[in-house]
Amino acid sequence: MDETVGKLRVVYMGTPDFAATILDRVSQWDGAEVVGVYTQPDRPCGRGQVCKPSAVKMLALEKGYDIYQPLNFKDDADVEELAALKPDVLLVAAYGLILPQRVLDIATHGAINVHASLLPKYRGAAPIQRSIMNCDPVTGITIMQMEKGLDSGPILLQRALAIGIDDTAGTLHDELAVLGGELLVEALQKLVVGDLHPKVQDHERSTHAAKLTKAEGLLDWSKTAVELHAHLRGISPWPGGYFVLERAGKKSVRVAIEPGTIGPALEGEVAPGTVLGLQDDAIAIATADRVYLVRKLRPANKKVMDAKAFACGYLAQCEDATCSGEGLC
C-alpha cells in the first residue's frame, strides 16, 4: 500500500534557522509528503568567504529531501521545474525571495506563509525585532495566504505570544519558530478538511517592520530606561548594542554591551549616557530617568568581561590592588 496516498504534496520554501525549525515540525506531521525543498543559494560567509549552506538546506539534506536553489524565478526553466513537482500547496517561511504570481499560482491551494507578527501589524523584514523595540506586550504568529503584495494576503490563523521583560530578538525568535511550526500544521489539518476561513486584512492598520541596520546599534541614552532596555533587547543578538566611552586623557573606546536591567531612579541632574561606575556588581549608566545596569561588556578588540573587570580596567575602580590597565584584572 502506498503510504503517500491521501497526503498533501508539499513544497517547502525557507532559508534561515526560523524556517528550519518550522520545516522540522512539518516533517513530523504524517499528513504531508514533502516533495521538494527550496532554499536560497549557498553564499560566501565569514572572512574566508567559504560558501555555507542554509539551515534549511542542512535539515533537508539530513532528511533526504530533494533540494532546489534557484537564484530567482525569472527563468522559465525554474518555474517549470517547480510545476513538475505538482504540489498541492507551497509552504513559505523566511525564504528571502519574492515569489512572482505565476509561482504562487502553481499549487492547487496556492502558497501559505508563516509570518512572525500579528498581521496587519509589522509587515516586512524585522517583525520580531520591531515588536520588542516598540515595547509591545505581545506578538505572535500569522498563517497567511500569500498574494503579490508584501505580507498583505488573507489571514488563515493567528496565535499570540506574550513578550517578557527580558526577551530578546534571539529568544523570541526561537519561541516564535516553534509556535509557527505548530500553527502551520494546525492550518494544514484544517485545509485537508476544508475548515480554513481566510480573513481579509485591514490594510489601513498595517505597519512596516523595516530591516535592521548596523547604525541602530549605537545606543541613545536620552531614552527612558524602559525604552533603552527595549531597544537593546530588540537589537540582540544583531547588530548588538554599543556606546562610546569617553575618558579624560585617553582614547575613546567603543564598548558593546548585552541587555542589562533597569535600576533605580536617578538622584539629581545627571546627563544621559554618564557612566556612574560600579553598582550592585554592574556598570551603572544614566538614561533619561533611571539607572541602567549592565553586567556584560566587551570593549573593542577585547573579550567579554564582567562589570568588576570593566570598572577596574576602564574606570580605574579596582577593588583588587593587582588589577590594572585596560581591563586586565
# chains A, B, ... in the order shown; residues from 1 in each chain; ligands from 1
$ residues_around --residues "range 215-223 of chain A" --least-positions-apart "5" --cutoff "7 Å" --atoms "only C-alpha atoms" --output "MDAnalysis selection string"
chainID A and resid 228 235 239:243 272:273 287:288
$ residues_around --residues "range 293-301 of chain A" --least-positions-apart "5" --cutoff "10 Å" --atoms "only C-alpha atoms" --output "PyMOL selection string"
chain A and resi 225+229+242-245+253-264+276-286+306-310+314+326-327
$ closest_residue --among "A:Met146, A:Ala77, A:Leu90, A:Ala210" --to "Ile128 in chain A" --atoms "only C-alpha atoms"
A:Ala210
$ closest_residue --among "A:Val304, A:Cys51, A:Cys318, A:Ile98" --to "Gly149 in chain A" --atoms "only C-alpha atoms"
A:Ile98
$ residues_around --residues "range 55-63 of chain A" --least-positions-apart "5" --cutoff "7 Å" --atoms "only C-alpha atoms" --output "list of chain:residue names"
A:Gly14, A:Thr15, A:Pro16, A:Asp17, A:Ala19, A:Ala20, A:Val37, A:Thr39
$ atom_distance --atom1 "CA of Pro87 in chain A" --atom2 "CA of Val11 in chain A"
6.1 Å
$ atom_distance --atom1 "CA of Ser131 in chain A" --atom2 "CA of Met144 in chain A"
18.8 Å
$ select_by_dssp --residues "range 69-185 of chain A" --states "strand (DSSP E)" --output "ChimeraX atom specification"
/A:89-93,111-115,123-124,138-145,155-162
$ select_by_dssp --residues "range 104-273 of chain A" --states "helix (DSSP H, G or I)" --output "ChimeraX atom specification"
/A:104,127-133,169-192,203-205,214-217,225-234
$ atom_distance --atom1 "CA of Gln40 in chain A" --atom2 "CA of Tyr95 in chain A"
7.1 Å
